[in-house]
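The structure under discussion appears below in the form of structure tokens.
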Amino acid sequence: MSDIWFYLKLGLEHVLDFNAYDHILFLAALALPFTFKSWKNVVLLATVFTITHCLSLALSTYEIVLVDVGLIEFLIPVTIAMTAIFNILYTKMPTGKKNIGLHMVATAFFGLIHGFGFSNYFKMLMAEQENKMVPLLGFAAGIEVSQVIIVLVVLCISLLIINVLKLSQRLYIIIGSTLILLITIPMLIDTFPL
């Protein structure tokens, strides 16, 4: 039982680590277009991200799929930038044309990439483990809890800025996504494969 708690805590720390803020940036970008009125959609997206993140971890842990770490390190900020750019484009779409389908497909794909980014460290941790399923489930639970925390924080910030400060949701999404994009650019430059 202590194993599952260790991996649950590891999942929490993996996402909430401010030194490795790529996860937080991605989730902030993912949650920006949503409000508490559509909280189910953003929690669904976070869950899809968790599932695909853990799927790629499992594929790597069981050595079914091996991916170049350098490429993944570059693709992680690419996913953040693409999500931010999508948000800006999303604000220009007519309300009737907006649906969660494209968000879901992109989130699933990006979850796979982010999972492969953590897989080498996770494999080292599990090298001595016979049963790899319990650590994977504990880690997935920790990731999901921490992602819901981040999504709730972003939704609270959205509520404050849109309803209290009276900034339009469209402008809020554009400003927030632009800031995320600007923060991501140095990550893209640092990880660009030469």
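Residue numbering restarts at 1 for every chain of the structure tokens, chains are lettered A, B, ... in their displayed order, and ligands are numbered from 1 as they appear.
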
Go through chain A and collect every residue that DSSP, computed from the backbone, puts in alpha helix (DSSP H); the answer should be as a short mmCIF file (atom, residue, chain, number, x, y, z; two decimals) with N, CA, C and O atoms, in the first residue's frame.
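Full text of selection.cif as output:
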data_model
loop_
_atom_site.label_atom_id
_atom_site.label_comp_id
_atom_site.auth_asym_id
_atom_site.auth_seq_id
_atom_site.Cartn_x
_atom_site.Cartn_y
_atom_site.Cartn_z
N SER A 2 2.03 1.18 0.65
CA SER A 2 2.90 2.36 0.70
C SER A 2 3.43 2.69 -0.70
O SER A 2 3.72 3.85 -1.00
N ASP A 3 3.56 1.65 -1.57
CA ASP A 3 4.01 1.89 -2.93
C ASP A 3 3.07 2.81 -3.69
O ASP A 3 3.50 3.74 -4.37
N ILE A 4 1.77 2.53 -3.57
CA ILE A 4 0.81 3.33 -4.32
C ILE A 4 0.84 4.78 -3.85
O ILE A 4 0.74 5.71 -4.64
N TRP A 5 1.02 4.99 -2.53
CA TRP A 5 1.10 6.36 -2.00
C TRP A 5 2.35 7.07 -2.49
O TRP A 5 2.32 8.26 -2.80
N PHE A 6 3.45 6.32 -2.58
CA PHE A 6 4.70 6.90 -3.08
C PHE A 6 4.51 7.38 -4.52
O PHE A 6 4.89 8.50 -4.88
N TYR A 7 3.89 6.56 -5.36
CA TYR A 7 3.71 6.91 -6.77
C TYR A 7 2.62 7.96 -6.96
O TYR A 7 2.70 8.78 -7.88
N LEU A 8 1.59 7.94 -6.10
CA LEU A 8 0.58 8.99 -6.14
C LEU A 8 1.24 10.33 -5.84
O LEU A 8 1.02 11.33 -6.55
N LYS A 9 2.08 10.37 -4.80
CA LYS A 9 2.80 11.60 -4.44
C LYS A 9 3.74 12.01 -5.57
O LYS A 9 3.85 13.19 -5.90
N LEU A 10 4.37 11.04 -6.20
CA LEU A 10 5.27 11.33 -7.33
C LEU A 10 4.48 11.96 -8.48
O LEU A 10 4.95 12.91 -9.11
N GLY A 11 3.28 11.45 -8.75
CA GLY A 11 2.43 12.02 -9.80
C GLY A 11 2.03 13.45 -9.48
O GLY A 11 2.05 14.32 -10.35
N LEU A 12 1.69 13.70 -8.21
CA LEU A 12 1.36 15.06 -7.78
C LEU A 12 2.55 15.99 -7.99
O LEU A 12 2.42 17.08 -8.55
N GLU A 13 3.71 15.56 -7.53
CA GLU A 13 4.91 16.39 -7.62
C GLU A 13 5.35 16.59 -9.07
O GLU A 13 5.88 17.64 -9.41
N HIS A 14 5.13 15.59 -9.90
CA HIS A 14 5.51 15.68 -11.31
C HIS A 14 4.79 16.84 -11.99
O HIS A 14 5.40 17.61 -12.74
N VAL A 15 3.52 17.00 -11.72
CA VAL A 15 2.74 18.04 -12.36
C VAL A 15 2.90 19.38 -11.65
O VAL A 15 2.98 20.42 -12.29
N LEU A 16 2.95 19.38 -10.33
CA LEU A 16 2.97 20.62 -9.57
C LEU A 16 4.38 21.17 -9.32
O LEU A 16 4.54 22.11 -8.56
N ASP A 22 6.46 22.98 -17.46
CA ASP A 22 5.83 22.70 -18.76
C ASP A 22 4.43 22.12 -18.60
O ASP A 22 3.51 22.45 -19.35
N HIS A 23 4.25 21.26 -17.62
CA HIS A 23 2.93 20.67 -17.37
C HIS A 23 1.92 21.74 -16.98
O HIS A 23 0.79 21.76 -17.47
N ILE A 24 2.34 22.63 -16.08
CA ILE A 24 1.45 23.69 -15.62
C ILE A 24 1.08 24.61 -16.78
O ILE A 24 -0.09 24.98 -16.93
N LEU A 25 2.07 24.96 -17.61
CA LEU A 25 1.80 25.81 -18.77
C LEU A 25 0.81 25.14 -19.72
O LEU A 25 -0.12 25.78 -20.21
N PHE A 26 1.02 23.86 -19.98
CA PHE A 26 0.12 23.15 -20.90
C PHE A 26 -1.30 23.14 -20.35
O PHE A 26 -2.27 23.42 -21.07
N LEU A 27 -1.44 22.80 -19.07
CA LEU A 27 -2.78 22.74 -18.47
C LEU A 27 -3.44 24.11 -18.40
O LEU A 27 -4.65 24.23 -18.61
N ALA A 28 -2.64 25.14 -18.14
CA ALA A 28 -3.19 26.51 -18.14
C ALA A 28 -3.71 26.85 -19.53
O ALA A 28 -4.82 27.38 -19.68
N ALA A 29 -2.91 26.53 -20.55
CA ALA A 29 -3.35 26.78 -21.94
C ALA A 29 -4.60 25.97 -22.26
O ALA A 29 -5.53 26.47 -22.91
N LEU A 30 -4.64 24.75 -21.80
CA LEU A 30 -5.78 23.88 -22.07
C LEU A 30 -7.06 24.43 -21.42
O LEU A 30 -8.14 24.39 -22.01
N ALA A 31 -6.94 24.98 -20.21
CA ALA A 31 -8.11 25.42 -19.46
C ALA A 31 -8.56 26.84 -19.79
O ALA A 31 -9.71 27.20 -19.50
N TRP A 39 -17.02 23.52 -16.91
CA TRP A 39 -15.98 22.83 -16.15
C TRP A 39 -15.89 21.34 -16.51
O TRP A 39 -14.80 20.77 -16.48
N LYS A 40 -16.99 20.74 -16.86
CA LYS A 40 -16.96 19.30 -17.20
C LYS A 40 -16.08 19.05 -18.42
O LYS A 40 -15.37 18.05 -18.48
N ASN A 41 -16.13 19.96 -19.39
CA ASN A 41 -15.31 19.80 -20.59
C ASN A 41 -13.82 19.85 -20.26
O ASN A 41 -13.05 19.03 -20.76
N VAL A 42 -13.41 20.79 -19.43
CA VAL A 42 -11.99 20.91 -19.14
C VAL A 42 -11.51 19.77 -18.24
O VAL A 42 -10.39 19.28 -18.40
N VAL A 43 -12.35 19.29 -17.33
CA VAL A 43 -11.97 18.13 -16.52
C VAL A 43 -11.88 16.88 -17.42
O VAL A 43 -10.98 16.06 -17.26
N LEU A 44 -12.78 16.77 -18.38
CA LEU A 44 -12.72 15.67 -19.35
C LEU A 44 -11.40 15.73 -20.13
O LEU A 44 -10.73 14.71 -20.31
N LEU A 45 -11.02 16.92 -20.57
CA LEU A 45 -9.75 17.08 -21.30
C LEU A 45 -8.57 16.71 -20.42
O LEU A 45 -7.63 16.04 -20.88
N ALA A 46 -8.58 17.14 -19.16
CA ALA A 46 -7.49 16.79 -18.24
C ALA A 46 -7.42 15.28 -18.04
O ALA A 46 -6.33 14.70 -17.96
N THR A 47 -8.58 14.62 -17.98
CA THR A 47 -8.61 13.17 -17.82
C THR A 47 -8.08 12.46 -19.08
O THR A 47 -7.31 11.50 -18.97
N VAL A 48 -8.45 12.95 -20.24
CA VAL A 48 -7.91 12.39 -21.50
C VAL A 48 -6.40 12.55 -21.51
O VAL A 48 -5.66 11.62 -21.88
N PHE A 49 -5.92 13.71 -21.07
CA PHE A 49 -4.48 13.95 -21.00
C PHE A 49 -3.82 12.95 -20.05
O PHE A 49 -2.78 12.37 -20.37
N THR A 50 -4.42 12.72 -18.88
CA THR A 50 -3.88 11.77 -17.90
C THR A 50 -3.81 10.37 -18.50
O THR A 50 -2.80 9.69 -18.38
N ILE A 51 -4.87 9.95 -19.14
CA ILE A 51 -4.93 8.59 -19.70
C ILE A 51 -3.85 8.40 -20.76
O ILE A 51 -3.10 7.41 -20.74
N THR A 52 -3.73 9.35 -21.68
CA THR A 52 -2.74 9.18 -22.75
C THR A 52 -1.32 9.38 -22.22
O THR A 52 -0.39 8.71 -22.69
N HIS A 53 -1.15 10.25 -21.24
CA HIS A 53 0.15 10.45 -20.59
C HIS A 53 0.61 9.13 -19.97
O HIS A 53 1.75 8.69 -20.16
N CYS A 54 -0.30 8.48 -19.24
CA CYS A 54 0.03 7.21 -18.59
C CYS A 54 0.15 6.06 -19.59
O CYS A 54 0.92 5.13 -19.37
N LEU A 55 -0.59 6.14 -20.69
CA LEU A 55 -0.46 5.13 -21.74
C LEU A 55 0.95 5.15 -22.32
O LEU A 55 1.59 4.10 -22.47
N SER A 56 1.44 6.34 -22.63
CA SER A 56 2.81 6.42 -23.18
C SER A 56 3.84 6.01 -22.14
O SER A 56 4.85 5.39 -22.48
N LEU A 57 3.58 6.31 -20.86
CA LEU A 57 4.48 5.83 -19.81
C LEU A 57 4.49 4.30 -19.77
O LEU A 57 5.56 3.69 -19.66
N ALA A 58 3.31 3.70 -19.86
CA ALA A 58 3.23 2.24 -19.83
C ALA A 58 3.91 1.63 -21.06
O ALA A 58 4.67 0.66 -20.94
N LEU A 59 3.67 2.20 -22.22
CA LEU A 59 4.31 1.69 -23.45
C LEU A 59 5.83 1.77 -23.35
O LEU A 59 6.54 0.86 -23.80
N SER A 60 6.32 2.82 -22.74
CA SER A 60 7.76 2.98 -22.58
C SER A 60 8.30 2.08 -21.47
O SER A 60 9.34 1.45 -21.62
N THR A 61 7.57 2.00 -20.36
CA THR A 61 8.01 1.18 -19.22
C THR A 61 8.12 -0.28 -19.61
O THR A 61 9.06 -0.97 -19.22
N VAL A 69 14.49 10.84 -26.75
CA VAL A 69 14.23 11.79 -25.67
C VAL A 69 14.43 13.23 -26.14
O VAL A 69 13.65 14.12 -25.79
N GLY A 70 15.45 13.48 -26.94
CA GLY A 70 15.71 14.83 -27.45
C GLY A 70 14.54 15.37 -28.26
O GLY A 70 14.17 16.54 -28.12
N LEU A 71 13.97 14.52 -29.09
CA LEU A 71 12.82 14.92 -29.89
C LEU A 71 11.62 15.24 -28.99
O LEU A 71 10.93 16.25 -29.18
N ILE A 72 11.39 14.40 -28.00
CA ILE A 72 10.26 14.60 -27.08
C ILE A 72 10.45 15.89 -26.29
O ILE A 72 9.50 16.65 -26.11
N GLU A 73 11.67 16.16 -25.84
CA GLU A 73 11.94 17.39 -25.09
C GLU A 73 11.61 18.62 -25.92
O GLU A 73 11.21 19.66 -25.38
N PHE A 74 11.78 18.55 -27.23
CA PHE A 74 11.42 19.65 -28.12
C PHE A 74 9.91 19.68 -28.36
O PHE A 74 9.30 20.76 -28.40
N LEU A 75 9.31 18.51 -28.52
CA LEU A 75 7.87 18.45 -28.83
C LEU A 75 7.00 18.93 -27.66
O LEU A 75 5.89 19.41 -27.88
N ILE A 76 7.48 18.81 -26.43
CA ILE A 76 6.67 19.25 -25.29
C ILE A 76 6.36 20.75 -25.39
O ILE A 76 5.19 21.14 -25.34
N PRO A 77 7.37 21.64 -25.55
CA PRO A 77 7.00 23.05 -25.71
C PRO A 77 6.23 23.32 -27.01
O PRO A 77 5.44 24.27 -27.07
N VAL A 78 6.44 22.49 -28.03
CA VAL A 78 5.64 22.64 -29.26
C VAL A 78 4.16 22.44 -28.94
O VAL A 78 3.31 23.20 -29.41
N THR A 79 3.84 21.45 -28.11
CA THR A 79 2.44 21.20 -27.75
C THR A 79 1.85 22.36 -26.98
O THR A 79 0.68 22.71 -27.16
N ILE A 80 2.66 22.97 -26.12
CA ILE A 80 2.18 24.12 -25.35
C ILE A 80 1.91 25.29 -26.29
O ILE A 80 0.86 25.93 -26.23
N ALA A 81 2.86 25.56 -27.18
CA ALA A 81 2.70 26.66 -28.14
C ALA A 81 1.49 26.42 -29.04
O ALA A 81 0.71 27.36 -29.29
N MET A 82 1.33 25.20 -29.53
CA MET A 82 0.20 24.90 -30.41
C MET A 82 -1.14 25.08 -29.69
O MET A 82 -2.10 25.57 -30.28
N THR A 83 -1.18 24.70 -28.42
CA THR A 83 -2.42 24.87 -27.64
C THR A 83 -2.72 26.36 -27.47
O THR A 83 -3.87 26.79 -27.61
N ALA A 84 -1.70 27.15 -27.17
CA ALA A 84 -1.90 28.60 -27.02
C ALA A 84 -2.36 29.23 -28.34
O ALA A 84 -3.29 30.06 -28.35
N ILE A 85 -1.73 28.84 -29.44
CA ILE A 85 -2.13 29.37 -30.75
C ILE A 85 -3.56 28.93 -31.08
O ILE A 85 -4.37 29.73 -31.58
N PHE A 86 -3.89 27.67 -30.80
CA PHE A 86 -5.25 27.19 -31.04
C PHE A 86 -6.26 28.01 -30.26
O PHE A 86 -7.34 28.34 -30.77
N ASN A 87 -5.91 28.36 -29.00
CA ASN A 87 -6.82 29.17 -28.18
C ASN A 87 -7.12 30.51 -28.85
O ASN A 87 -8.26 30.96 -28.85
N ILE A 88 -6.08 31.13 -29.38
CA ILE A 88 -6.26 32.43 -30.04
C ILE A 88 -7.16 32.27 -31.26
O ILE A 88 -8.08 33.06 -31.48
N LEU A 89 -6.91 31.24 -32.06
CA LEU A 89 -7.75 30.98 -33.22
C LEU A 89 -9.17 30.61 -32.81
O LEU A 89 -10.14 30.97 -33.49
N TYR A 90 -9.29 29.91 -31.70
CA TYR A 90 -10.59 29.47 -31.17
C TYR A 90 -11.50 30.66 -30.88
O TYR A 90 -12.72 30.59 -31.07
N GLY A 101 -14.39 18.39 -29.66
CA GLY A 101 -13.77 17.27 -30.40
C GLY A 101 -12.32 17.50 -30.78
O GLY A 101 -11.46 16.66 -30.51
N LEU A 102 -12.03 18.64 -31.39
CA LEU A 102 -10.66 18.94 -31.79
C LEU A 102 -9.76 19.10 -30.57
O LEU A 102 -8.63 18.63 -30.56
N HIS A 103 -10.28 19.72 -29.53
CA HIS A 103 -9.53 19.83 -28.27
C HIS A 103 -9.15 18.43 -27.76
O HIS A 103 -8.04 18.21 -27.30
N MET A 104 -10.12 17.52 -27.82
CA MET A 104 -9.91 16.19 -27.27
C MET A 104 -8.83 15.41 -28.05
O MET A 104 -7.95 14.79 -27.46
N VAL A 105 -8.88 15.47 -29.36
CA VAL A 105 -7.88 14.78 -30.19
C VAL A 105 -6.49 15.36 -29.94
O VAL A 105 -5.53 14.61 -29.73
N ALA A 106 -6.39 16.68 -29.93
CA ALA A 106 -5.09 17.33 -29.70
C ALA A 106 -4.58 17.01 -28.30
O ALA A 106 -3.40 16.69 -28.11
N THR A 107 -5.46 17.04 -27.31
CA THR A 107 -5.07 16.75 -25.93
C THR A 107 -4.57 15.32 -25.79
O THR A 107 -3.58 15.06 -25.09
N ALA A 108 -5.24 14.38 -26.44
CA ALA A 108 -4.81 12.97 -26.39
C ALA A 108 -3.42 12.82 -27.00
O ALA A 108 -2.53 12.18 -26.42
N PHE A 109 -3.20 13.42 -28.15
CA PHE A 109 -1.90 13.34 -28.80
C PHE A 109 -0.81 14.00 -27.95
O PHE A 109 0.28 13.46 -27.77
N PHE A 110 -1.13 15.17 -27.40
CA PHE A 110 -0.16 15.89 -26.58
C PHE A 110 0.13 15.13 -25.28
O PHE A 110 1.24 15.17 -24.77
N GLY A 111 -0.87 14.44 -24.75
CA GLY A 111 -0.66 13.62 -23.55
C GLY A 111 0.35 12.51 -23.80
O GLY A 111 1.19 12.22 -22.94
N LEU A 112 0.27 11.90 -24.98
CA LEU A 112 1.26 10.87 -25.34
C LEU A 112 2.67 11.45 -25.33
O LEU A 112 3.60 10.86 -24.79
N ILE A 113 2.82 12.62 -25.92
CA ILE A 113 4.14 13.26 -26.00
C ILE A 113 4.67 13.57 -24.59
O ILE A 113 5.82 13.24 -24.26
N HIS A 114 3.83 14.16 -23.76
CA HIS A 114 4.26 14.52 -22.41
C HIS A 114 4.62 13.27 -21.59
O HIS A 114 5.56 13.31 -20.79
N GLY A 115 3.89 12.19 -21.79
CA GLY A 115 4.20 10.95 -21.07
C GLY A 115 5.55 10.38 -21.45
O GLY A 115 6.31 9.93 -20.60
N PHE A 116 5.86 10.41 -22.73
CA PHE A 116 7.18 9.94 -23.17
C PHE A 116 8.29 10.82 -22.61
O PHE A 116 9.40 10.35 -22.38
N GLY A 117 7.98 12.09 -22.35
CA GLY A 117 8.98 12.99 -21.78
C GLY A 117 9.41 12.61 -20.38
O GLY A 117 10.52 12.90 -19.95
N PHE A 118 8.55 11.95 -19.64
CA PHE A 118 8.85 11.56 -18.27
C PHE A 118 9.25 10.08 -18.17
O PHE A 118 9.66 9.61 -17.13
N SER A 119 9.17 9.37 -19.28
CA SER A 119 9.29 7.90 -19.23
C SER A 119 10.66 7.39 -18.79
O SER A 119 10.75 6.39 -18.07
N ASN A 120 11.75 8.04 -19.19
CA ASN A 120 13.07 7.54 -18.79
C ASN A 120 13.26 7.58 -17.28
O ASN A 120 13.74 6.62 -16.68
N TYR A 121 12.88 8.70 -16.66
CA TYR A 121 12.99 8.82 -15.21
C TYR A 121 12.09 7.80 -14.53
O TYR A 121 12.49 7.13 -13.58
N PHE A 122 10.88 7.64 -15.04
CA PHE A 122 9.93 6.70 -14.45
C PHE A 122 10.43 5.26 -14.57
O PHE A 122 10.31 4.48 -13.64
N LYS A 123 11.03 4.93 -15.72
CA LYS A 123 11.58 3.58 -15.91
C LYS A 123 12.69 3.30 -14.91
O LYS A 123 12.80 2.20 -14.38
N MET A 124 13.54 4.29 -14.63
CA MET A 124 14.61 4.11 -13.65
C MET A 124 14.02 3.85 -12.27
O MET A 124 14.52 3.00 -11.53
N LEU A 125 12.97 4.57 -11.91
CA LEU A 125 12.34 4.37 -10.61
C LEU A 125 11.74 2.97 -10.48
O LEU A 125 11.75 2.39 -9.40
N MET A 133 2.16 -2.28 -12.61
CA MET A 133 0.81 -1.73 -12.75
C MET A 133 0.43 -0.86 -11.55
O MET A 133 -0.16 0.22 -11.72
N VAL A 134 0.75 -1.28 -10.34
CA VAL A 134 0.42 -0.49 -9.15
C VAL A 134 1.10 0.88 -9.20
O VAL A 134 0.44 1.90 -8.99
N PRO A 135 2.41 0.95 -9.51
CA PRO A 135 3.03 2.27 -9.63
C PRO A 135 2.40 3.13 -10.72
O PRO A 135 2.20 4.34 -10.52
N LEU A 136 2.06 2.53 -11.85
CA LEU A 136 1.44 3.29 -12.94
C LEU A 136 0.08 3.85 -12.51
O LEU A 136 -0.23 5.01 -12.79
N LEU A 137 -0.71 3.04 -11.81
CA LEU A 137 -2.03 3.50 -11.36
C LEU A 137 -1.90 4.59 -10.30
O LEU A 137 -2.63 5.59 -10.32
N GLY A 138 -0.96 4.42 -9.37
CA GLY A 138 -0.73 5.44 -8.35
C GLY A 138 -0.27 6.75 -8.97
O GLY A 138 -0.73 7.83 -8.61
N PHE A 139 0.65 6.64 -9.93
CA PHE A 139 1.16 7.81 -10.62
C PHE A 139 0.04 8.50 -11.39
O PHE A 139 -0.08 9.73 -11.35
N ALA A 140 -0.79 7.72 -12.07
CA ALA A 140 -1.92 8.28 -12.83
C ALA A 140 -2.88 9.02 -11.90
O ALA A 140 -3.36 10.11 -12.24
N ALA A 141 -3.14 8.45 -10.74
CA ALA A 141 -4.04 9.11 -9.77
C ALA A 141 -3.44 10.43 -9.31
O ALA A 141 -4.15 11.45 -9.21
N GLY A 142 -2.15 10.44 -9.03
CA GLY A 142 -1.49 11.68 -8.62
C GLY A 142 -1.52 12.73 -9.70
O GLY A 142 -1.75 13.92 -9.43
N ILE A 143 -1.31 12.31 -10.94
CA ILE A 143 -1.37 13.25 -12.07
C ILE A 143 -2.78 13.83 -12.19
O ILE A 143 -2.95 15.04 -12.34
N GLU A 144 -3.78 12.98 -12.10
CA GLU A 144 -5.15 13.45 -12.27
C GLU A 144 -5.53 14.45 -11.18
O GLU A 144 -6.10 15.50 -11.46
N VAL A 145 -5.20 14.14 -9.93
CA VAL A 145 -5.53 15.05 -8.83
C VAL A 145 -4.84 16.40 -9.02
O VAL A 145 -5.47 17.46 -8.89
N SER A 146 -3.56 16.37 -9.37
CA SER A 146 -2.82 17.63 -9.53
C SER A 146 -3.34 18.43 -10.74
O SER A 146 -3.41 19.66 -10.69
N GLN A 147 -3.74 17.74 -11.79
CA GLN A 147 -4.28 18.43 -12.96
C GLN A 147 -5.61 19.08 -12.65
O GLN A 147 -5.88 20.20 -13.09
N VAL A 148 -6.44 18.41 -11.88
CA VAL A 148 -7.73 19.00 -11.48
C VAL A 148 -7.47 20.24 -10.62
O VAL A 148 -8.16 21.26 -10.76
N ILE A 149 -6.46 20.20 -9.75
CA ILE A 149 -6.10 21.37 -8.94
C ILE A 149 -5.72 22.54 -9.84
O ILE A 149 -6.21 23.66 -9.67
N ILE A 150 -4.86 22.29 -10.82
CA ILE A 150 -4.43 23.36 -11.73
C ILE A 150 -5.61 23.90 -12.53
O ILE A 150 -5.77 25.12 -12.67
N VAL A 151 -6.44 23.01 -13.03
CA VAL A 151 -7.62 23.44 -13.80
C VAL A 151 -8.52 24.31 -12.92
O VAL A 151 -9.01 25.36 -13.36
N LEU A 152 -8.74 23.92 -11.68
CA LEU A 152 -9.58 24.71 -10.77
C LEU A 152 -8.97 26.09 -10.52
O LEU A 152 -9.69 27.09 -10.48
N VAL A 153 -7.65 26.14 -10.36
CA VAL A 153 -6.98 27.43 -10.16
C VAL A 153 -7.18 28.32 -11.39
O VAL A 153 -7.53 29.50 -11.26
N VAL A 154 -7.00 27.75 -12.58
CA VAL A 154 -7.18 28.53 -13.81
C VAL A 154 -8.64 28.99 -13.94
O VAL A 154 -8.91 30.14 -14.30
N LEU A 155 -9.59 28.12 -13.63
CA LEU A 155 -11.01 28.50 -13.69
C LEU A 155 -11.33 29.61 -12.68
O LEU A 155 -12.12 30.52 -12.98
N CYS A 156 -10.71 29.55 -11.50
CA CYS A 156 -10.92 30.61 -10.50
C CYS A 156 -10.33 31.94 -10.98
O CYS A 156 -10.95 33.00 -10.81
N ILE A 157 -9.15 31.89 -11.58
CA ILE A 157 -8.54 33.10 -12.15
C ILE A 157 -9.43 33.65 -13.26
O ILE A 157 -9.66 34.86 -13.34
N SER A 158 -9.96 32.76 -14.10
CA SER A 158 -10.87 33.18 -15.17
C SER A 158 -12.10 33.87 -14.59
O SER A 158 -12.52 34.93 -15.07
N LEU A 159 -12.67 33.28 -13.56
CA LEU A 159 -13.85 33.85 -12.91
C LEU A 159 -13.54 35.25 -12.39
O LEU A 159 -14.30 36.19 -12.61
N GLN A 169 -14.19 37.55 -22.11
CA GLN A 169 -13.58 36.23 -22.15
C GLN A 169 -12.65 36.11 -23.35
O GLN A 169 -11.57 35.54 -23.25
N ARG A 170 -13.06 36.66 -24.46
CA ARG A 170 -12.25 36.60 -25.68
C ARG A 170 -10.89 37.26 -25.46
O ARG A 170 -9.85 36.70 -25.77
N LEU A 171 -10.89 38.47 -24.88
CA LEU A 171 -9.65 39.19 -24.64
C LEU A 171 -8.80 38.47 -23.60
O LEU A 171 -7.58 38.38 -23.72
N TYR A 172 -9.45 37.91 -22.58
CA TYR A 172 -8.75 37.14 -21.55
C TYR A 172 -8.03 35.94 -22.17
O TYR A 172 -6.85 35.68 -21.86
N ILE A 173 -8.70 35.22 -23.05
CA ILE A 173 -8.09 34.06 -23.71
C ILE A 173 -6.91 34.50 -24.58
O ILE A 173 -5.85 33.86 -24.56
N ILE A 174 -7.07 35.57 -25.31
CA ILE A 174 -6.00 36.06 -26.19
C ILE A 174 -4.78 36.50 -25.36
O ILE A 174 -3.65 36.12 -25.65
N ILE A 175 -5.01 37.29 -24.30
CA ILE A 175 -3.90 37.75 -23.46
C ILE A 175 -3.22 36.59 -22.76
O ILE A 175 -1.99 36.46 -22.77
N GLY A 176 -4.02 35.70 -22.15
CA GLY A 176 -3.45 34.54 -21.44
C GLY A 176 -2.67 33.63 -22.36
O GLY A 176 -1.56 33.18 -22.04
N SER A 177 -3.22 33.35 -23.53
CA SER A 177 -2.55 32.47 -24.49
C SER A 177 -1.27 33.11 -25.03
O SER A 177 -0.26 32.43 -25.24
N THR A 178 -1.31 34.42 -25.24
CA THR A 178 -0.11 35.13 -25.71
C THR A 178 0.99 35.07 -24.66
O THR A 178 2.17 34.82 -24.99
N LEU A 179 0.63 35.26 -23.39
CA LEU A 179 1.63 35.15 -22.31
C LEU A 179 2.23 33.75 -22.25
O LEU A 179 3.45 33.59 -22.10
N ILE A 180 1.39 32.74 -22.36
CA ILE A 180 1.88 31.35 -22.35
C ILE A 180 2.81 31.12 -23.53
O ILE A 180 3.87 30.50 -23.40
N LEU A 181 2.44 31.63 -24.67
CA LEU A 181 3.27 31.50 -25.87
C LEU A 181 4.63 32.17 -25.66
O LEU A 181 5.67 31.60 -26.00
N LEU A 182 4.64 33.35 -25.10
CA LEU A 182 5.90 34.07 -24.85
C LEU A 182 6.79 33.32 -23.85
O LEU A 182 8.01 33.28 -24.00
N ILE A 183 6.18 32.72 -22.83
CA ILE A 183 6.95 31.93 -21.86
C ILE A 183 7.51 30.68 -22.51
O ILE A 183 8.59 30.21 -22.17
N THR A 184 6.80 30.13 -23.48
CA THR A 184 7.19 28.88 -24.14
C THR A 184 8.31 29.07 -25.16
O THR A 184 9.09 28.14 -25.40
N ILE A 185 8.42 30.24 -25.76
CA ILE A 185 9.42 30.46 -26.81
C ILE A 185 10.84 30.11 -26.36
O ILE A 185 11.55 29.40 -27.08
N PRO A 186 11.30 30.55 -25.17
CA PRO A 186 12.65 30.15 -24.75
C PRO A 186 12.81 28.63 -24.60
O PRO A 186 13.88 28.08 -24.87
N MET A 187 11.74 27.96 -24.18
CA MET A 187 11.78 26.49 -24.07
C MET A 187 11.98 25.87 -25.46
O MET A 187 12.72 24.89 -25.61
N LEU A 188 11.30 26.42 -26.45
CA LEU A 188 11.45 25.94 -27.83
C LEU A 188 12.86 26.12 -28.32
O LEU A 188 13.46 25.22 -28.93
N ILE A 189 13.43 27.28 -28.04
CA ILE A 189 14.80 27.58 -28.49
C ILE A 189 15.80 26.66 -27.79
O ILE A 189 16.70 26.10 -28.42
N ASP A 190 15.64 26.48 -26.46
CA ASP A 190 16.57 25.65 -25.69
C ASP A 190 16.55 24.18 -26.10
O ASP A 190 17.56 23.49 -25.99
N THR A 191 15.40 23.69 -26.52
CA THR A 191 15.28 22.27 -26.82
C THR A 191 15.32 21.96 -28.32
O THR A 191 15.21 20.79 -28.69
#

Point-to-point distance from CA of Thr35 in chain A to CA of Ile162 in chain A, Å rounded to tenths: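 Straight-line distance from CA of Thr35 in chain A to CA of Ile162 in chain A works out to 9.2 Å.
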